[in-house]
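Here is target-v2.tsv, consisting of TSV, C-alpha atoms and all ligand atoms:
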```
chain	number	residue	atom	x	y	z
E	200	MET	CA	23.17	1.45	-127.65
E	201	ILE	CA	24.55	4.38	-125.66
E	202	THR	CA	28.06	5.75	-126.20
E	203	VAL	CA	29.59	8.45	-124.03
E	204	ARG	CA	33.04	9.80	-124.84
E	205	ASN	CA	35.11	12.32	-122.86
E	206	LEU	CA	32.00	13.92	-121.44
E	207	GLU	CA	32.57	17.14	-119.54
E	208	VAL	CA	29.79	19.20	-117.97
E	209	PHE	CA	30.02	22.58	-116.24
E	210	TYR	CA	27.39	24.35	-114.16
E	211	LYS	CA	27.59	28.11	-114.47
E	212	SER	CA	26.42	30.52	-111.80
E	213	SER	CA	27.26	33.96	-110.47
E	214	ARG	CA	30.00	32.26	-108.40
E	215	GLY	CA	31.64	31.00	-111.58
E	216	LYS	CA	31.97	27.69	-113.35
E	217	PHE	CA	31.72	24.38	-111.53
E	218	ARG	CA	33.03	21.27	-113.27
E	219	ALA	CA	30.50	18.53	-112.47
E	220	LEU	CA	31.74	15.86	-114.90
E	221	ALA	CA	35.24	15.37	-116.24
E	222	GLY	CA	36.15	12.90	-118.98
E	223	VAL	CA	33.31	10.42	-118.50
E	224	ASN	CA	33.35	7.41	-120.84
E	225	LEU	CA	30.56	4.83	-120.88
E	226	ASP	CA	29.22	2.16	-123.24
E	227	VAL	CA	25.83	0.56	-122.86
E	228	GLU	CA	25.19	-2.14	-125.42
E	229	LYS	CA	21.71	-2.71	-126.90
E	230	GLY	CA	19.65	-4.25	-124.13
E	231	GLY	CA	22.40	-3.66	-121.58
E	232	ILE	CA	21.78	-2.44	-118.05
E	233	VAL	CA	24.37	-0.31	-116.32
E	234	ALA	CA	24.06	0.51	-112.64
E	235	VAL	CA	25.86	3.74	-111.78
E	236	ILE	CA	26.87	3.89	-108.15
E	237	GLY	CA	28.87	6.51	-106.27
E	238	PRO	CA	28.81	8.88	-103.29
E	239	SER	CA	26.39	11.77	-102.94
E	240	GLY	CA	27.30	14.78	-105.09
E	241	CYS	CA	29.70	12.92	-107.40
E	242	GLY	CA	27.69	13.73	-110.55
E	243	LYS	CA	25.38	10.74	-111.12
E	244	SER	CA	22.23	12.81	-111.77
E	245	THR	CA	24.22	15.19	-113.96
E	246	LEU	CA	25.28	12.23	-116.10
E	247	LEU	CA	21.68	11.04	-116.33
E	248	TYR	CA	20.37	14.51	-117.27
E	249	THR	CA	22.98	14.73	-120.01
E	250	LEU	CA	22.03	11.29	-121.37
E	251	ALA	CA	18.39	12.42	-121.31
E	252	GLY	CA	19.14	15.49	-123.43
E	253	ILE	CA	18.08	17.84	-120.61
E	254	ILE	CA	21.61	19.23	-120.17
E	255	LYS	CA	22.43	20.30	-123.70
E	256	GLU	CA	25.70	22.14	-123.14
E	257	PHE	CA	28.58	19.74	-122.76
E	258	LYS	CA	31.93	18.81	-124.17
E	259	GLY	CA	32.49	15.37	-125.66
E	260	GLU	CA	30.07	12.97	-127.30
E	261	VAL	CA	26.76	11.43	-126.25
E	262	LEU	CA	25.38	9.07	-128.89
E	263	ILE	CA	22.24	6.95	-128.94
E	264	ASP	CA	22.50	4.26	-131.59
E	265	LYS	CA	25.37	6.22	-133.13
E	266	THR	CA	23.47	9.53	-133.49
E	267	PRO	CA	23.88	12.54	-131.18
E	268	ILE	CA	21.32	12.55	-128.40
E	269	ASP	CA	18.18	14.48	-129.33
E	270	ALA	CA	15.21	14.35	-126.96
E	271	ARG	CA	12.82	15.08	-129.86
E	272	LYS	CA	14.12	12.26	-132.01
E	273	HIS	CA	14.91	9.54	-129.49
E	274	ARG	CA	12.39	7.95	-127.17
E	275	ILE	CA	13.81	8.47	-123.73
E	276	GLY	CA	12.14	6.94	-120.70
E	277	LEU	CA	13.14	8.99	-117.71
E	278	VAL	CA	12.39	8.36	-114.06
E	279	LEU	CA	13.58	11.26	-111.95
E	280	GLN	CA	14.01	11.56	-108.19
E	281	ASP	CA	11.05	13.98	-107.95
E	282	TYR	CA	8.93	11.73	-110.25
E	283	GLY	CA	7.93	14.61	-112.57
E	284	LEU	CA	4.17	13.94	-112.37
E	285	LEU	CA	1.72	16.69	-113.33
E	286	PRO	CA	-0.51	17.42	-110.29
E	287	TRP	CA	-3.57	18.22	-112.43
E	288	LYS	CA	-3.50	14.93	-114.35
E	289	ASN	CA	-4.73	11.66	-112.91
E	290	VAL	CA	-2.72	8.43	-112.76
E	291	ILE	CA	-3.71	7.09	-116.17
E	292	GLU	CA	-3.20	10.48	-117.87
E	293	ASN	CA	0.19	10.91	-116.18
E	294	SER	CA	1.24	7.42	-117.21
E	295	LEU	CA	0.46	8.22	-120.87
E	296	LEU	CA	2.21	11.62	-120.87
E	297	GLY	CA	5.51	10.48	-122.36
E	298	LEU	CA	3.76	8.65	-125.18
E	299	ARG	CA	1.32	11.50	-125.87
E	300	VAL	CA	4.22	13.82	-126.74
E	301	LYS	CA	5.34	11.32	-129.40
E	302	LYS	CA	2.05	10.08	-130.93
E	303	LYS	CA	-1.73	9.97	-130.85
E	304	ILE	CA	-2.90	7.69	-128.05
E	305	THR	CA	-4.81	4.61	-129.26
E	306	LYS	CA	-6.98	2.11	-127.41
E	307	THR	CA	-4.06	-0.37	-127.54
E	308	ASP	CA	-1.83	2.21	-125.79
E	309	ARG	CA	-4.47	2.72	-123.10
E	310	ASP	CA	-4.86	-1.02	-122.60
E	311	TYR	CA	-1.08	-1.42	-122.30
E	312	ALA	CA	-0.92	1.48	-119.81
E	313	GLU	CA	-3.66	-0.15	-117.70
E	314	TYR	CA	-1.83	-3.46	-117.87
E	315	ILE	CA	1.50	-2.00	-116.70
E	316	LEU	CA	-0.18	0.13	-113.99
E	317	SER	CA	-2.03	-2.94	-112.73
E	318	ARG	CA	1.20	-4.93	-112.65
E	319	MET	CA	2.62	-2.07	-110.59
E	320	GLY	CA	-0.15	-2.66	-108.06
E	321	LEU	CA	-1.99	0.55	-108.97
E	322	SER	CA	-5.21	-0.90	-110.44
E	323	GLY	CA	-7.60	0.80	-108.02
E	324	LEU	CA	-5.97	4.21	-108.45
E	325	PHE	CA	-6.31	5.11	-112.15
E	326	THR	CA	-8.42	8.22	-111.52
E	327	ARG	CA	-6.51	9.50	-108.48
E	328	TYR	CA	-4.34	12.62	-108.72
E	329	PRO	CA	-0.66	12.68	-107.58
E	330	GLY	CA	-1.62	14.66	-104.45
E	331	GLU	CA	-3.82	11.71	-103.42
E	332	LEU	CA	-1.01	9.14	-103.68
E	333	SER	CA	1.77	8.03	-101.34
E	334	GLY	CA	5.41	8.66	-102.26
E	335	GLY	CA	5.89	5.02	-103.27
E	336	GLN	CA	2.71	5.06	-105.41
E	337	ARG	CA	3.90	8.22	-107.20
E	338	GLN	CA	7.23	6.61	-107.83
E	339	ARG	CA	5.48	3.59	-109.36
E	340	VAL	CA	3.43	5.84	-111.68
E	341	ALA	CA	6.69	7.46	-112.84
E	342	ILE	CA	8.26	4.05	-113.52
E	343	ALA	CA	5.09	2.87	-115.32
E	344	ARG	CA	5.15	6.00	-117.50
E	345	ALA	CA	8.71	5.24	-118.62
E	346	PHE	CA	7.82	1.60	-119.44
E	347	ILE	CA	4.63	2.56	-121.30
E	348	LEU	CA	6.67	4.77	-123.63
E	349	LYS	CA	8.57	1.65	-124.86
E	350	PRO	CA	11.69	3.82	-124.95
E	351	ASP	CA	14.91	3.48	-126.97
E	352	ILE	CA	16.76	4.06	-123.73
E	353	LEU	CA	15.60	4.00	-120.15
E	354	LEU	CA	17.20	6.28	-117.56
E	355	MET	CA	16.30	6.03	-113.91
E	356	ASP	CA	17.53	8.06	-110.93
E	357	GLU	CA	17.12	6.03	-107.71
E	358	PRO	CA	13.92	4.51	-109.12
E	359	PHE	CA	13.08	2.21	-106.23
E	360	SER	CA	14.24	4.33	-103.29
E	361	ALA	CA	10.83	5.39	-101.94
E	362	LEU	CA	9.44	1.86	-101.89
E	363	ASP	CA	9.19	-0.43	-98.89
E	364	ALA	CA	11.38	-3.56	-99.02
E	365	ILE	CA	8.69	-5.92	-100.37
E	366	THR	CA	7.33	-3.53	-103.02
E	367	ARG	CA	10.91	-2.67	-104.00
E	368	GLU	CA	11.69	-6.33	-104.71
E	369	GLU	CA	8.43	-6.67	-106.69
E	370	MET	CA	9.23	-3.56	-108.75
E	371	GLN	CA	12.81	-4.69	-109.37
E	372	ASP	CA	11.50	-8.02	-110.68
E	373	LEU	CA	8.84	-6.29	-112.81
E	374	PHE	CA	11.56	-4.07	-114.21
E	375	LEU	CA	13.58	-7.17	-115.18
E	376	ASP	CA	10.44	-8.70	-116.78
E	377	VAL	CA	9.71	-5.63	-118.91
E	378	TRP	CA	13.40	-5.19	-119.70
E	379	GLU	CA	13.60	-8.84	-120.88
E	380	SER	CA	10.59	-8.56	-123.19
E	381	ASP	CA	11.57	-5.17	-124.68
E	382	SER	CA	15.38	-5.34	-124.40
E	383	ILE	CA	15.73	-1.69	-123.45
E	384	SER	CA	19.21	-0.20	-122.99
E	385	THR	CA	19.12	1.10	-119.44
E	386	VAL	CA	21.21	3.27	-117.15
E	387	PHE	CA	20.10	3.63	-113.57
E	388	VAL	CA	21.57	5.39	-110.59
E	389	THR	CA	21.52	3.81	-107.16
E	390	HIS	CA	23.07	4.27	-103.74
E	391	SER	CA	22.56	0.62	-102.91
E	392	THR	CA	25.35	-1.88	-103.61
E	393	GLU	CA	22.77	-4.71	-103.30
E	394	GLU	CA	20.53	-3.10	-105.93
E	395	ALA	CA	23.50	-2.50	-108.26
E	396	MET	CA	24.47	-6.15	-107.90
E	397	TYR	CA	20.93	-7.42	-108.52
E	398	LEU	CA	19.88	-5.19	-111.41
E	399	GLY	CA	23.14	-4.13	-113.09
E	400	LYS	CA	24.48	-6.32	-115.88
E	401	LYS	CA	27.40	-3.95	-115.61
E	402	ILE	CA	28.28	-1.76	-112.66
E	403	ALA	CA	29.96	1.62	-113.16
E	404	VAL	CA	31.54	3.20	-110.10
E	405	MET	CA	31.69	6.97	-110.08
E	406	THR	CA	33.66	9.35	-107.88
E	407	GLY	CA	33.83	13.11	-107.81
E	408	PRO	CA	33.17	15.96	-108.13
E	409	PRO	CA	34.20	16.39	-110.82
E	410	GLY	CA	32.46	13.13	-111.68
E	411	ARG	CA	34.35	10.40	-113.46
E	412	ILE	CA	33.83	6.69	-113.83
E	413	VAL	CA	36.72	5.01	-112.07
E	414	LYS	CA	35.76	1.42	-112.82
E	415	THR	CA	33.23	-0.53	-114.88
E	416	PHE	CA	32.85	-4.26	-114.54
E	417	ASP	CA	30.57	-7.13	-115.57
E	418	ASN	CA	28.43	-8.33	-112.71
E	419	PRO	CA	28.16	-12.10	-112.33
E	420	PHE	CA	25.24	-11.72	-109.88
E	421	PHE	CA	22.89	-9.92	-112.28
E	422	GLY	CA	19.28	-11.11	-111.75
E	423	ALA	CA	20.26	-13.55	-109.00
E	424	ARG	CA	18.21	-13.37	-105.81
E	425	GLU	CA	19.58	-16.70	-104.62
E	426	ILE	CA	23.27	-16.13	-104.07
E	427	LYS	CA	25.11	-19.39	-104.75
E	428	ASP	CA	28.64	-18.16	-104.12
E	429	LEU	CA	28.42	-16.08	-100.99
E	430	GLY	CA	32.21	-15.63	-100.78
E	431	LEU	CA	32.46	-14.08	-104.27
E	432	TYR	CA	29.33	-11.96	-103.61
E	433	SER	CA	30.79	-10.55	-100.40
E	434	SER	CA	34.16	-9.88	-101.98
E	435	ILE	CA	32.65	-7.97	-104.96
E	436	LYS	CA	30.39	-6.05	-102.59
E	437	SER	CA	33.26	-4.97	-100.36
E	438	LYS	CA	35.39	-4.09	-103.43
E	439	LEU	CA	32.51	-1.91	-104.64
E	440	LYS	CA	32.29	-0.15	-101.28
E	441	ASP	CA	36.05	0.47	-101.29
E	442	LEU	CA	35.91	1.92	-104.81
E	443	ILE	CA	33.02	4.20	-103.84
E	444	LYS	CA	34.95	5.44	-100.81
E	445	GLY	CA	38.02	5.99	-103.00
E	446	ARG	CA	40.05	3.21	-101.38
E	447	GLN	CA	41.23	1.47	-104.55
E	448	LYS	CA	42.93	-1.88	-104.07
Y	1	LIG	N1	22.50	23.60	-110.92
Y	1	LIG	C1	23.69	23.42	-110.35
Y	1	LIG	N2	24.57	24.44	-110.22
Y	1	LIG	C2	25.79	24.26	-109.65
Y	1	LIG	N3	26.22	23.06	-109.16
Y	1	LIG	C3	25.38	22.01	-109.25
Y	1	LIG	C4	24.08	22.13	-109.84
Y	1	LIG	N4	23.47	20.91	-109.80
Y	1	LIG	C5	24.36	20.08	-109.19
Y	1	LIG	N5	25.49	20.75	-108.86
Y	1	LIG	C6	26.70	20.18	-108.23
Y	1	LIG	O1	27.23	19.21	-109.12
Y	1	LIG	C7	27.70	18.07	-108.42
Y	1	LIG	C8	27.00	16.84	-108.97
Y	1	LIG	O2	25.62	16.88	-108.63
Y	1	LIG	P1	24.65	15.65	-108.94
Y	1	LIG	O3	23.28	16.03	-108.53
Y	1	LIG	O4	24.88	15.22	-110.33
Y	1	LIG	O5	25.26	14.54	-107.94
Y	1	LIG	P2	24.68	13.11	-107.53
Y	1	LIG	O6	25.85	12.17	-107.58
Y	1	LIG	O7	23.51	12.75	-108.34
Y	1	LIG	O8	24.25	13.37	-106.02
Y	1	LIG	P3	23.13	12.62	-105.09
Y	1	LIG	O9	23.57	11.18	-105.00
Y	1	LIG	O10	23.26	13.35	-103.79
Y	1	LIG	O11	21.79	12.79	-105.75
Y	1	LIG	C9	27.41	18.30	-106.94
Y	1	LIG	O12	28.61	18.65	-106.32
Y	1	LIG	C10	26.39	19.43	-106.93
Y	1	LIG	O13	26.58	20.27	-105.81
```
For the structure just supplied, provide its representation as structure tokens.
Amino acid sequence: MITVRNLEVFYKSSRGKFRALAGVNLDVEKGGIVAVIGPSGCGKSTLLYTLAGIIKEFKGEVLIDKTPIDARKHRIGLVLQDYGLLPWKNVIENSLLGLRVKKKITKTDRDYAEYILSRMGLSGLFTRYPGELSGGQRQRVAIARAFILKPDILLMDEPFSALDAITREEMQDLFLDVWESDSISTVFVTHSTEEAMYLGKKIAVMTGPPGRIVKTFDNPFFGAREIKDLGLYSSIKSKLKDLIKGRQK
């Protein structure tokens, strides 16, 4: 469970203080998935970094299962826009990095890593280095690494953006599979209204800067590839777009 209350974040530089987030409130229940959507620069990544414990200076509260966020204590699966892979480690080593920080790697961990990597379509690439992979393959290693950690919370910044349409759909479905079996509380950032409506149990619309969540709602189309009520789908989608553009109705 993730609880965010009155979160405020400032970036400080020689030019002064810049308020990136102002009064953000968010609840993600255990096993919930929240899609955060909003225009470029509104503060989505800043919110994710704060939830991950990377930004440590903030006002307000960020709680994971009712205790203040602590990257050493909580298991946080993080998929960042730049993937965060170590160039000198091969695919299998990179995929086990998150877990290695937390515990000694066992044969079972390795087997699970190989299983997830294979499901990600990376079976022939275990000994390749990041420099020998395509952007989409790197992104899949980063997603696999987060899954392999079996995290308390999963945070993903545009996790499927570098993938072609077919691989993206496969990865989205794999994500739902893993999420279903492990019931991981997840927050992910996306620019795509379609992706928010497919993968978000809840959708949070952000505007800014300074970033704030202007609306959160339950998404009736979660997990539905076959859209049965096209009228309702189109009306939610256009409402989402209006909210993102700041045209509230
Ligand atoms: N290190 C920093 N110092 C000062 N300002 C920053 C810093 N990092 C981000 N910002 C500013 O904070 C605001 C929020 O940035 P953030 O990266 O969180 O937005 P975003 O919604 O994730 O954007 P995008 O969708 O383009 O990735 C932006 O206006 C950005 O210019």
Counting all atoms listed in the file, name the residues that have an atom within 7 Å of an atom of ligand LIG 1 (chain Y); the answer should be given as a PyMOL selection string. chain E and resi 210-212+217+219+237-246+408
Residues at most 10 Å from Lys258 in chain E, counting only C-alpha atoms, excluding those fewer than 5 positions away in the same chain, as a PDB file with C-alpha atoms, in the coordinates of the input?
```
ATOM      1  CA  ARG E 204      33.040   9.800-124.840  1.00  0.00           C
ATOM      2  CA  ASN E 205      35.110  12.320-122.860  1.00  0.00           C
ATOM      3  CA  LEU E 206      32.000  13.920-121.440  1.00  0.00           C
ATOM      4  CA  GLU E 207      32.570  17.140-119.540  1.00  0.00           C
ATOM      5  CA  VAL E 208      29.790  19.200-117.970  1.00  0.00           C
ATOM      6  CA  PHE E 209      30.020  22.580-116.240  1.00  0.00           C
ATOM      7  CA  LEU E 220      31.740  15.860-114.900  1.00  0.00           C
ATOM      8  CA  ALA E 221      35.240  15.370-116.240  1.00  0.00           C
ATOM      9  CA  GLY E 222      36.150  12.900-118.980  1.00  0.00           C
TER      10      GLY E 222
END
```
Distance query Phe416 in chain E at most 7 Å, only C-alpha atoms, self and fewer than 4 positions along chain excluded, as a ChimeraX atom specification: /E:401-403
Write out as a VMD selection string the residues lying within 9 Å of Ile268 in chain E, counting only C-alpha atoms and excluding same-chain residues fewer than 6 positions away. chain E and resid 249 to 252 260 to 262
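A straight line drawn from CA of Ile236 in chain E to CA of Thr392 in chain E is 7.5 Å long.
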Put a box with edges along x, y and z around all the listed atoms of range 297-304 of chain E, pad it by 6 Å on each side, then give me its centre and sizes in Å, one decimal, as lines of an AutoDock Vina configuration file.
```
center_x = 1.3
center_y = 10.8
center_z = -126.6
size_x = 20.4
size_y = 18.1
size_z = 20.6
```
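Computed from the coordinates, the CA of Leu279 in chain E to CA of Gln338 in chain E distance equals 8.9 Å.
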Given all atoms listed in the file as the counted atoms, nearest of E:Val278, E:Thr202, E:Ser322, E:Gly215 to Thr266 in chain E: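 Closest residue, counting all atoms listed in the file: E:Thr202.
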So that I can see what lies close to range 303-309 of chain E, please list as a ChimeraX atom specification the residues with an atom at most 12 Å from it, counting only C-alpha atoms and leaving out residues fewer than 2 positions away in the same chain. /E:290-301,311-316,325,344,346-349
Of the candidates E:Ser317, E:Asn224, E:Ser213, E:Ser360, which shows the shortest atom-to-atom distance to Gly334 in chain E, using all atoms listed in the file? E:Ser360
